[in-house]
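Colleague: File final.pdb below, PDB, C-alpha atoms:
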```
MODEL        1
ATOM      1  CA  MET A   1     193.454  36.095 183.422  1.00  0.00           C
ATOM      2  CA  ARG A   2     195.447  34.306 186.153  1.00  0.00           C
ATOM      3  CA  ARG A   3     195.293  37.425 188.357  1.00  0.00           C
ATOM      4  CA  LEU A   4     191.523  37.487 187.984  1.00  0.00           C
ATOM      5  CA  HIS A   5     191.330  33.883 189.174  1.00  0.00           C
ATOM      6  CA  VAL A   6     193.556  34.657 192.151  1.00  0.00           C
ATOM      7  CA  ALA A   7     191.472  37.727 193.014  1.00  0.00           C
ATOM      8  CA  VAL A   8     188.245  35.717 192.826  1.00  0.00           C
ATOM      9  CA  LEU A   9     189.735  32.987 195.034  1.00  0.00           C
ATOM     10  CA  LEU A  10     190.835  35.557 197.613  1.00  0.00           C
ATOM     11  CA  VAL A  11     187.362  37.105 197.700  1.00  0.00           C
ATOM     12  CA  LEU A  12     185.796  33.665 198.124  1.00  0.00           C
ATOM     13  CA  LEU A  13     188.259  32.782 200.891  1.00  0.00           C
ATOM     14  CA  MET A  14     187.573  36.014 202.776  1.00  0.00           C
ATOM     15  CA  THR A  15     183.830  35.483 202.396  1.00  0.00           C
ATOM     16  CA  ALA A  16     184.172  31.947 203.737  1.00  0.00           C
ATOM     17  CA  LEU A  17     186.218  33.155 206.708  1.00  0.00           C
ATOM     18  CA  VAL A  18     183.686  35.839 207.559  1.00  0.00           C
ATOM     19  CA  GLY A  19     180.813  33.392 207.318  1.00  0.00           C
ATOM     20  CA  ALA A  20     182.544  30.527 209.084  1.00  0.00           C
ATOM     21  CA  GLY A  21     183.977  32.113 212.163  1.00  0.00           C
ATOM     22  CA  CYS A  22     183.887  35.858 212.263  1.00  0.00           C
ATOM     23  CA  SER A  23     180.368  36.278 213.552  1.00  0.00           C
ATOM     24  CA  GLU A  24     178.510  37.592 216.559  1.00  0.00           C
ATOM     25  CA  ALA A  25     178.043  34.174 218.139  1.00  0.00           C
ATOM     26  CA  GLY A  26     181.570  32.855 217.728  1.00  0.00           C
ATOM     27  CA  LEU A  27     182.421  29.248 218.455  1.00  0.00           C
ATOM     28  CA  GLY A  28     184.154  29.543 221.821  1.00  0.00           C
ATOM     29  CA  GLY A  29     182.652  28.199 225.008  1.00  0.00           C
ATOM     30  CA  ASP A  30     182.554  29.783 228.443  1.00  0.00           C
ATOM     31  CA  ASP A  31     185.646  28.077 229.809  1.00  0.00           C
ATOM     32  CA  PRO A  32     188.460  26.270 228.061  1.00  0.00           C
ATOM     33  CA  GLU A  33     188.589  22.547 228.628  1.00  0.00           C
ATOM     34  CA  PRO A  34     191.432  21.335 230.854  1.00  0.00           C
ATOM     35  CA  LEU A  35     194.630  21.193 228.841  1.00  0.00           C
ATOM     36  CA  ASP A  36     195.497  17.728 227.592  1.00  0.00           C
ATOM     37  CA  GLN A  37     198.783  16.821 229.258  1.00  0.00           C
ATOM     38  CA  GLY A  38     199.552  13.890 226.978  1.00  0.00           C
ATOM     39  CA  GLY A  39     199.447  13.364 223.251  1.00  0.00           C
ATOM     40  CA  ARG A  40     200.332  16.922 222.348  1.00  0.00           C
ATOM     41  CA  THR A  41     201.647  17.334 218.839  1.00  0.00           C
ATOM     42  CA  PRO A  42     204.401  19.728 217.780  1.00  0.00           C
ATOM     43  CA  ALA A  43     203.066  23.061 216.591  1.00  0.00           C
ATOM     44  CA  PRO A  44     203.560  23.698 212.883  1.00  0.00           C
ATOM     45  CA  ALA A  45     206.528  25.881 212.060  1.00  0.00           C
ATOM     46  CA  VAL A  46     205.647  29.562 211.884  1.00  0.00           C
ATOM     47  CA  SER A  47     207.763  32.055 209.978  1.00  0.00           C
ATOM     48  CA  LEU A  48     205.955  35.211 208.935  1.00  0.00           C
ATOM     49  CA  PRO A  49     206.890  38.713 207.897  1.00  0.00           C
ATOM     50  CA  ALA A  50     206.604  41.044 210.877  1.00  0.00           C
ATOM     51  CA  LEU A  51     203.726  43.469 210.527  1.00  0.00           C
ATOM     52  CA  ASP A  52     206.051  46.339 211.447  1.00  0.00           C
ATOM     53  CA  GLY A  53     208.613  45.306 208.835  1.00  0.00           C
ATOM     54  CA  GLY A  54     211.134  44.043 211.411  1.00  0.00           C
ATOM     55  CA  GLU A  55     212.593  40.569 211.766  1.00  0.00           C
ATOM     56  CA  ARG A  56     210.427  37.598 210.827  1.00  0.00           C
ATOM     57  CA  ILE A  57     208.046  36.287 213.458  1.00  0.00           C
ATOM     58  CA  THR A  58     208.760  32.645 214.329  1.00  0.00           C
ATOM     59  CA  LEU A  59     207.426  30.252 216.934  1.00  0.00           C
ATOM     60  CA  ALA A  60     210.912  28.748 217.212  1.00  0.00           C
ATOM     61  CA  SER A  61     212.176  31.996 218.750  1.00  0.00           C
ATOM     62  CA  HIS A  62     209.736  31.440 221.657  1.00  0.00           C
ATOM     63  CA  LEU A  63     210.782  27.847 222.423  1.00  0.00           C
ATOM     64  CA  GLY A  64     211.095  27.370 226.173  1.00  0.00           C
ATOM     65  CA  ARG A  65     208.148  29.682 226.907  1.00  0.00           C
ATOM     66  CA  PRO A  66     204.412  29.075 226.483  1.00  0.00           C
ATOM     67  CA  VAL A  67     202.806  31.052 223.661  1.00  0.00           C
ATOM     68  CA  VAL A  68     199.288  32.348 223.090  1.00  0.00           C
ATOM     69  CA  LEU A  69     199.081  32.432 219.294  1.00  0.00           C
ATOM     70  CA  ASN A  70     196.118  34.524 218.183  1.00  0.00           C
ATOM     71  CA  PHE A  71     194.789  34.526 214.610  1.00  0.00           C
ATOM     72  CA  TRP A  72     192.844  37.716 213.871  1.00  0.00           C
ATOM     73  CA  ALA A  73     192.040  40.374 211.271  1.00  0.00           C
ATOM     74  CA  SER A  74     191.196  44.061 211.501  1.00  0.00           C
ATOM     75  CA  TRP A  75     187.967  43.478 209.543  1.00  0.00           C
ATOM     76  CA  CYS A  76     186.732  40.787 211.989  1.00  0.00           C
ATOM     77  CA  GLU A  77     184.438  42.248 214.659  1.00  0.00           C
ATOM     78  CA  PRO A  78     184.915  39.476 217.273  1.00  0.00           C
ATOM     79  CA  CYS A  79     188.678  39.794 216.710  1.00  0.00           C
ATOM     80  CA  THR A  80     188.611  43.507 217.435  1.00  0.00           C
ATOM     81  CA  ARG A  81     186.416  42.948 220.507  1.00  0.00           C
ATOM     82  CA  GLU A  82     188.768  40.363 222.024  1.00  0.00           C
ATOM     83  CA  MET A  83     191.995  42.277 221.360  1.00  0.00           C
ATOM     84  CA  PRO A  84     191.873  44.472 224.516  1.00  0.00           C
ATOM     85  CA  ALA A  85     191.788  41.275 226.622  1.00  0.00           C
ATOM     86  CA  LEU A  86     194.841  39.938 224.776  1.00  0.00           C
ATOM     87  CA  VAL A  87     196.664  43.254 225.209  1.00  0.00           C
ATOM     88  CA  ALA A  88     195.956  43.329 228.968  1.00  0.00           C
ATOM     89  CA  PHE A  89     196.920  39.656 229.312  1.00  0.00           C
ATOM     90  CA  ALA A  90     200.211  40.227 227.476  1.00  0.00           C
ATOM     91  CA  LYS A  91     201.075  43.180 229.705  1.00  0.00           C
ATOM     92  CA  GLN A  92     200.126  41.462 232.971  1.00  0.00           C
ATOM     93  CA  THR A  93     201.327  37.893 232.333  1.00  0.00           C
ATOM     94  CA  PRO A  94     205.058  38.078 231.633  1.00  0.00           C
ATOM     95  CA  GLY A  95     205.529  34.285 231.820  1.00  0.00           C
ATOM     96  CA  ILE A  96     203.613  33.720 228.578  1.00  0.00           C
ATOM     97  CA  ASP A  97     204.430  35.208 225.187  1.00  0.00           C
ATOM     98  CA  VAL A  98     201.568  36.450 223.038  1.00  0.00           C
ATOM     99  CA  VAL A  99     201.963  36.456 219.270  1.00  0.00           C
ATOM    100  CA  GLY A 100     199.356  37.789 216.864  1.00  0.00           C
ATOM    101  CA  VAL A 101     198.864  36.673 213.277  1.00  0.00           C
ATOM    102  CA  ALA A 102     196.856  38.964 211.018  1.00  0.00           C
ATOM    103  CA  VAL A 103     195.178  36.662 208.492  1.00  0.00           C
ATOM    104  CA  ASN A 104     194.010  37.718 205.022  1.00  0.00           C
ATOM    105  CA  ASP A 105     194.222  41.341 206.047  1.00  0.00           C
ATOM    106  CA  VAL A 106     195.566  44.468 204.404  1.00  0.00           C
ATOM    107  CA  PRO A 107     198.848  45.186 206.247  1.00  0.00           C
ATOM    108  CA  ALA A 108     198.101  48.929 206.510  1.00  0.00           C
ATOM    109  CA  ASP A 109     194.722  48.148 208.123  1.00  0.00           C
ATOM    110  CA  SER A 110     196.364  45.711 210.557  1.00  0.00           C
ATOM    111  CA  ARG A 111     199.053  48.251 211.468  1.00  0.00           C
ATOM    112  CA  ARG A 112     196.472  50.997 212.006  1.00  0.00           C
ATOM    113  CA  PHE A 113     194.397  48.761 214.273  1.00  0.00           C
ATOM    114  CA  ALA A 114     197.495  47.630 216.209  1.00  0.00           C
ATOM    115  CA  ARG A 115     198.457  51.271 216.840  1.00  0.00           C
ATOM    116  CA  GLU A 116     194.929  52.239 217.900  1.00  0.00           C
ATOM    117  CA  VAL A 117     194.682  49.378 220.395  1.00  0.00           C
ATOM    118  CA  GLY A 118     198.301  49.606 221.551  1.00  0.00           C
ATOM    119  CA  ILE A 119     199.253  45.999 220.856  1.00  0.00           C
ATOM    120  CA  PRO A 120     202.537  45.357 222.709  1.00  0.00           C
ATOM    121  CA  PHE A 121     203.296  41.887 221.350  1.00  0.00           C
ATOM    122  CA  ASP A 122     204.805  40.508 218.133  1.00  0.00           C
ATOM    123  CA  LEU A 123     202.535  40.636 215.098  1.00  0.00           C
ATOM    124  CA  GLY A 124     203.004  38.736 211.870  1.00  0.00           C
ATOM    125  CA  ILE A 125     201.075  39.024 208.633  1.00  0.00           C
ATOM    126  CA  ASP A 126     199.668  35.904 206.951  1.00  0.00           C
ATOM    127  CA  ARG A 127     198.430  37.479 203.700  1.00  0.00           C
ATOM    128  CA  ASP A 128     197.407  34.241 201.998  1.00  0.00           C
ATOM    129  CA  GLY A 129     196.288  32.321 205.109  1.00  0.00           C
ATOM    130  CA  ALA A 130     198.919  29.579 204.675  1.00  0.00           C
ATOM    131  CA  VAL A 131     199.995  29.585 208.331  1.00  0.00           C
ATOM    132  CA  ALA A 132     196.357  29.723 209.474  1.00  0.00           C
ATOM    133  CA  ARG A 133     195.629  26.618 207.377  1.00  0.00           C
ATOM    134  CA  GLU A 134     198.575  24.825 209.060  1.00  0.00           C
ATOM    135  CA  PHE A 135     196.712  25.306 212.357  1.00  0.00           C
ATOM    136  CA  SER A 136     193.329  24.281 210.842  1.00  0.00           C
ATOM    137  CA  VAL A 137     191.946  27.795 211.225  1.00  0.00           C
ATOM    138  CA  THR A 138     188.696  27.972 209.266  1.00  0.00           C
ATOM    139  CA  GLY A 139     187.275  31.147 210.791  1.00  0.00           C
ATOM    140  CA  LEU A 140     188.415  34.010 212.960  1.00  0.00           C
ATOM    141  CA  PRO A 141     189.320  34.578 215.713  1.00  0.00           C
ATOM    142  CA  VAL A 142     191.217  31.486 216.807  1.00  0.00           C
ATOM    143  CA  THR A 143     193.661  31.256 219.704  1.00  0.00           C
ATOM    144  CA  VAL A 144     196.179  28.418 219.896  1.00  0.00           C
ATOM    145  CA  ILE A 145     197.915  27.631 223.180  1.00  0.00           C
ATOM    146  CA  VAL A 146     201.459  26.352 222.598  1.00  0.00           C
ATOM    147  CA  ASP A 147     203.343  24.908 225.563  1.00  0.00           C
ATOM    148  CA  ALA A 148     206.970  25.672 226.416  1.00  0.00           C
ATOM    149  CA  GLU A 149     208.104  22.619 224.432  1.00  0.00           C
ATOM    150  CA  GLY A 150     206.492  23.965 221.260  1.00  0.00           C
ATOM    151  CA  ARG A 151     203.514  21.594 221.310  1.00  0.00           C
ATOM    152  CA  VAL A 152     199.865  22.528 220.740  1.00  0.00           C
ATOM    153  CA  ALA A 153     198.123  22.288 224.117  1.00  0.00           C
ATOM    154  CA  ASP A 154     194.723  23.570 222.977  1.00  0.00           C
ATOM    155  CA  THR A 155     192.902  25.503 220.282  1.00  0.00           C
ATOM    156  CA  PHE A 156     190.118  27.920 221.195  1.00  0.00           C
ATOM    157  CA  PHE A 157     187.719  28.838 218.390  1.00  0.00           C
ATOM    158  CA  GLY A 158     185.897  32.152 218.713  1.00  0.00           C
ATOM    159  CA  GLU A 159     186.238  35.265 220.812  1.00  0.00           C
ATOM    160  CA  ILE A 160     188.392  34.632 223.867  1.00  0.00           C
ATOM    161  CA  THR A 161     188.034  36.487 227.171  1.00  0.00           C
ATOM    162  CA  ARG A 162     190.568  37.564 229.750  1.00  0.00           C
ATOM    163  CA  GLU A 163     189.161  34.979 232.171  1.00  0.00           C
ATOM    164  CA  GLN A 164     189.725  32.219 229.636  1.00  0.00           C
ATOM    165  CA  LEU A 165     193.278  33.428 229.014  1.00  0.00           C
ATOM    166  CA  ASP A 166     193.917  33.464 232.775  1.00  0.00           C
ATOM    167  CA  SER A 167     192.569  29.907 233.000  1.00  0.00           C
ATOM    168  CA  TYR A 168     195.070  28.771 230.364  1.00  0.00           C
ATOM    169  CA  ALA A 169     197.888  30.552 232.214  1.00  0.00           C
ATOM    170  CA  GLU A 170     196.919  28.818 235.452  1.00  0.00           C
ATOM    171  CA  GLN A 171     196.821  25.422 233.741  1.00  0.00           C
ATOM    172  CA  LEU A 172     200.273  26.087 232.308  1.00  0.00           C
ATOM    173  CA  GLY A 173     201.513  26.696 235.857  1.00  0.00           C
ATOM    174  CA  LEU A 174     201.900  30.466 235.613  1.00  0.00           C
TER     175      LEU A 174
ENDMDL
END
```
For this file, produce the structure as C-alpha coordinates.
Modeller:
Amino acid sequence: MRRLHVAVLLVLLMTALVGAGCSEAGLGGDDPEPLDQGGRTPAPAVSLPALDGGERITLASHLGRPVVLNFWASWCEPCTREMPALVAFAKQTPGIDVVGVAVNDVPADSRRFAREVGIPFDLGIDRDGAVAREFSVTGLPVTVIVDAEGRVADTFFGEITREQLDSYAEQLGL
(Lines of atoms letter the chains of each structure in order from A and count residues from 1; the text may use other names and numbers.)
(Lines give C-alpha, C1' and ligand atoms only; values in the text may rest on other atoms or scores of the structure.)
Protein backbone atom coordinates (compact mmCIF):
# COMPACT_ATOMS: atom_id res chain seq x y z
CA MET A 1 0.00 0.00 0.00
CA ARG A 2 2.86 2.38 0.88
CA ARG A 3 4.46 1.78 -2.54
CA LEU A 4 1.19 2.70 -4.22
CA HIS A 5 1.11 5.99 -2.32
CA VAL A 6 4.71 6.73 -3.29
CA ALA A 7 3.98 5.89 -6.94
CA VAL A 8 0.92 8.15 -6.95
CA LEU A 9 2.93 10.99 -5.38
CA LEU A 10 5.67 10.61 -7.99
CA VAL A 11 3.13 10.73 -10.82
CA LEU A 12 1.54 13.84 -9.32
CA LEU A 13 4.95 15.48 -8.88
CA MET A 14 5.96 14.76 -12.48
CA THR A 15 2.61 16.07 -13.71
CA ALA A 16 3.07 19.24 -11.68
CA LEU A 17 6.58 19.74 -13.05
CA VAL A 18 5.42 19.30 -16.62
CA GLY A 19 2.55 21.71 -16.13
CA ALA A 20 4.49 24.27 -14.12
CA GLY A 21 7.62 24.78 -16.11
CA CYS A 22 8.20 22.34 -18.90
CA SER A 23 6.12 24.03 -21.54
CA GLU A 24 6.48 25.73 -24.89
CA ALA A 25 6.43 29.24 -23.45
CA GLY A 26 8.87 28.73 -20.60
CA LEU A 27 9.39 31.39 -17.96
CA GLY A 28 12.73 32.87 -19.02
CA GLY A 29 13.06 36.37 -20.38
CA ASP A 30 15.14 37.60 -23.29
CA ASP A 31 18.15 38.68 -21.25
CA PRO A 32 19.18 37.84 -17.72
CA GLU A 33 19.01 40.70 -15.27
CA PRO A 34 22.37 42.09 -14.14
CA LEU A 35 23.84 39.83 -11.49
CA ASP A 36 23.30 41.07 -7.95
CA GLN A 37 26.76 41.74 -6.55
CA GLY A 38 25.65 41.96 -2.93
CA GLY A 39 23.41 39.88 -0.74
CA ARG A 40 24.19 36.59 -2.41
CA THR A 41 23.38 33.57 -0.32
CA PRO A 42 25.42 30.36 -0.18
CA ALA A 43 24.20 27.74 -2.62
CA PRO A 44 22.65 24.70 -0.98
CA ALA A 45 24.96 21.73 -0.70
CA VAL A 46 24.73 19.40 -3.68
CA SER A 47 25.79 15.77 -3.50
CA LEU A 48 24.24 13.52 -6.12
CA PRO A 49 24.99 10.16 -7.66
CA ALA A 50 26.79 10.65 -10.97
CA LEU A 51 24.63 9.70 -13.92
CA ASP A 52 27.50 7.62 -15.32
CA GLY A 53 27.97 5.77 -12.03
CA GLY A 54 31.26 7.53 -11.20
CA GLU A 55 32.09 9.65 -8.18
CA ARG A 56 29.33 11.73 -6.62
CA ILE A 57 28.64 15.12 -8.15
CA THR A 58 29.12 17.94 -5.62
CA LEU A 59 29.10 21.71 -5.85
CA ALA A 60 31.86 21.80 -3.23
CA SER A 61 34.26 20.22 -5.72
CA HIS A 62 33.80 23.30 -7.96
CA LEU A 63 34.50 25.91 -5.25
CA GLY A 64 36.77 28.62 -6.64
CA ARG A 65 35.14 28.48 -10.09
CA PRO A 66 31.76 29.80 -11.25
CA VAL A 67 29.20 27.11 -12.03
CA VAL A 68 26.22 26.97 -14.37
CA LEU A 69 23.96 24.47 -12.63
CA ASN A 70 21.26 23.26 -15.00
CA PHE A 71 18.18 21.31 -13.86
CA TRP A 72 16.70 19.28 -16.72
CA ALA A 73 15.02 16.02 -17.71
CA SER A 74 15.05 13.94 -20.88
CA TRP A 75 11.23 14.07 -21.04
CA CYS A 76 11.16 17.91 -20.93
CA GLU A 77 11.01 19.42 -24.42
CA PRO A 78 12.40 22.88 -23.51
CA CYS A 79 15.21 21.09 -21.64
CA THR A 80 16.15 19.08 -24.71
CA ARG A 81 15.98 22.20 -26.90
CA GLU A 82 18.33 24.20 -24.67
CA MET A 83 20.90 21.43 -24.15
CA PRO A 84 22.91 22.08 -27.37
CA ALA A 85 23.50 25.67 -26.17
CA LEU A 86 24.75 24.37 -22.81
CA VAL A 87 27.00 21.83 -24.53
CA ALA A 88 28.53 24.50 -26.81
CA PHE A 89 28.92 26.91 -23.88
CA ALA A 90 30.67 24.25 -21.78
CA LYS A 91 33.09 23.45 -24.60
CA GLN A 92 33.86 27.09 -25.46
CA THR A 93 33.91 28.70 -22.00
CA PRO A 94 36.60 26.91 -19.98
CA GLY A 95 36.48 29.46 -17.12
CA ILE A 96 33.02 28.30 -16.02
CA ASP A 97 32.04 24.78 -14.99
CA VAL A 98 28.71 23.43 -16.19
CA VAL A 99 26.94 20.80 -14.12
CA GLY A 100 23.68 19.14 -15.12
CA VAL A 101 21.11 17.67 -12.76
CA ALA A 102 18.58 15.27 -14.25
CA VAL A 103 15.44 15.69 -12.14
CA ASN A 104 12.73 13.04 -11.72
CA ASP A 105 14.05 11.20 -14.73
CA VAL A 106 14.73 7.57 -15.51
CA PRO A 107 18.55 7.25 -15.36
CA ALA A 108 18.68 5.13 -18.55
CA ASP A 109 16.70 7.81 -20.42
CA SER A 110 19.00 10.55 -19.10
CA ARG A 111 22.11 8.57 -20.08
CA ARG A 112 20.74 7.90 -23.57
CA PHE A 113 19.95 11.58 -24.10
CA ALA A 114 23.38 12.64 -22.76
CA ARG A 115 25.09 10.28 -25.23
CA GLU A 116 22.96 11.46 -28.16
CA VAL A 117 23.69 15.13 -27.48
CA GLY A 118 27.32 14.58 -26.47
CA ILE A 119 27.13 16.26 -23.07
CA PRO A 120 30.74 16.87 -21.96
CA PHE A 121 30.05 18.08 -18.42
CA ASP A 122 29.27 16.40 -15.08
CA LEU A 123 25.75 15.03 -14.75
CA GLY A 124 24.03 14.02 -11.54
CA ILE A 125 20.71 12.30 -11.06
CA ASP A 126 18.12 13.74 -8.65
CA ARG A 127 15.56 10.92 -8.75
CA ASP A 128 13.26 12.31 -6.07
CA GLY A 129 13.77 16.03 -6.79
CA ALA A 130 15.24 16.76 -3.33
CA VAL A 131 18.15 18.83 -4.65
CA ALA A 132 15.84 20.66 -7.08
CA ARG A 133 13.58 21.60 -4.15
CA GLU A 134 16.63 22.99 -2.28
CA PHE A 135 17.03 25.45 -5.18
CA SER A 136 13.26 26.22 -5.31
CA VAL A 137 12.91 24.53 -8.70
CA THR A 138 9.20 24.15 -9.41
CA GLY A 139 9.39 23.47 -13.14
CA LEU A 140 11.99 22.60 -15.73
CA PRO A 141 14.35 23.76 -17.09
CA VAL A 142 16.01 25.97 -14.50
CA THR A 143 19.58 27.26 -14.60
CA VAL A 144 21.28 28.51 -11.45
CA ILE A 145 24.40 30.66 -11.69
CA VAL A 146 26.76 30.01 -8.77
CA ASP A 147 29.71 32.35 -8.31
CA ALA A 148 33.27 31.24 -7.53
CA GLU A 149 32.60 31.63 -3.80
CA GLY A 150 29.74 29.13 -3.95
CA ARG A 151 26.96 31.72 -3.71
CA VAL A 152 23.82 31.88 -5.86
CA ALA A 153 24.23 34.84 -8.22
CA ASP A 154 21.03 34.30 -10.21
CA THR A 155 18.36 31.79 -11.13
CA PHE A 156 16.98 31.64 -14.66
CA PHE A 157 13.61 29.93 -15.08
CA GLY A 158 12.84 28.48 -18.50
CA GLU A 159 14.78 27.66 -21.62
CA ILE A 160 18.13 29.42 -21.66
CA THR A 161 19.98 30.47 -24.82
CA ARG A 162 23.65 30.64 -25.66
CA GLU A 163 23.43 34.45 -25.70
CA GLN A 164 22.04 34.46 -22.17
CA LEU A 165 24.79 32.09 -21.01
CA ASP A 166 27.41 34.35 -22.62
CA SER A 167 25.86 37.34 -20.82
CA TYR A 168 26.26 35.56 -17.48
CA ALA A 169 29.87 34.69 -18.33
CA GLU A 170 30.60 38.32 -19.17
CA GLN A 171 29.03 39.51 -15.92
CA LEU A 172 31.15 37.01 -14.01
CA GLY A 173 34.23 38.55 -15.63
CA LEU A 174 35.02 35.71 -18.03
Colleague: Give the answer as one residue: which of A:Val152, A:Leu165, A:Leu140, A:Val67 has the shortest atom-to-atom distance to Pro42 (chain A), using all atoms listed in the file?
Modeller: A:Val152
Colleague: With distances taken over all atoms listed in the file, which residue among A:Asp154, A:Glu149, A:Asp128, A:Asp122 lies nearest Leu86 (chain A)?
Modeller: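 So, comparing all the options, the nearest one is A:Asp122.
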Colleague: Calculated over only C-alpha atoms, which of the candidates A:Ala73, A:Ala148, A:Gly54, A:Val103 has the smallest distance to Ala130 (chain A)?
Modeller: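 Closest candidate: A:Val103.
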Colleague: Could you check which of A:Ser47, A:Ser74, A:Thr161, A:Thr143 is closest to Ala108 (chain A), using all atoms listed in the file?
Modeller: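 Looking at the shortest contact to Ala108 (chain A), the residue is A:Ser74.
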Colleague: I'd like to see the residues matched by the PyMOL selection byres ((chain A and resi 170) around 12) on this file, and ideally I'd get them as a list in words.
Modeller: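 Selected by the PyMOL selection byres ((chain A and resi 170) around 12) in this file: Pro32, Pro34, Leu35, Pro66, Thr93, Gly95, Ile96, Glu163, Gln164, Leu165, Asp166, Ser167, Tyr168, Ala169, Gln171, Leu172, Gly173 and Leu174 of chain A.
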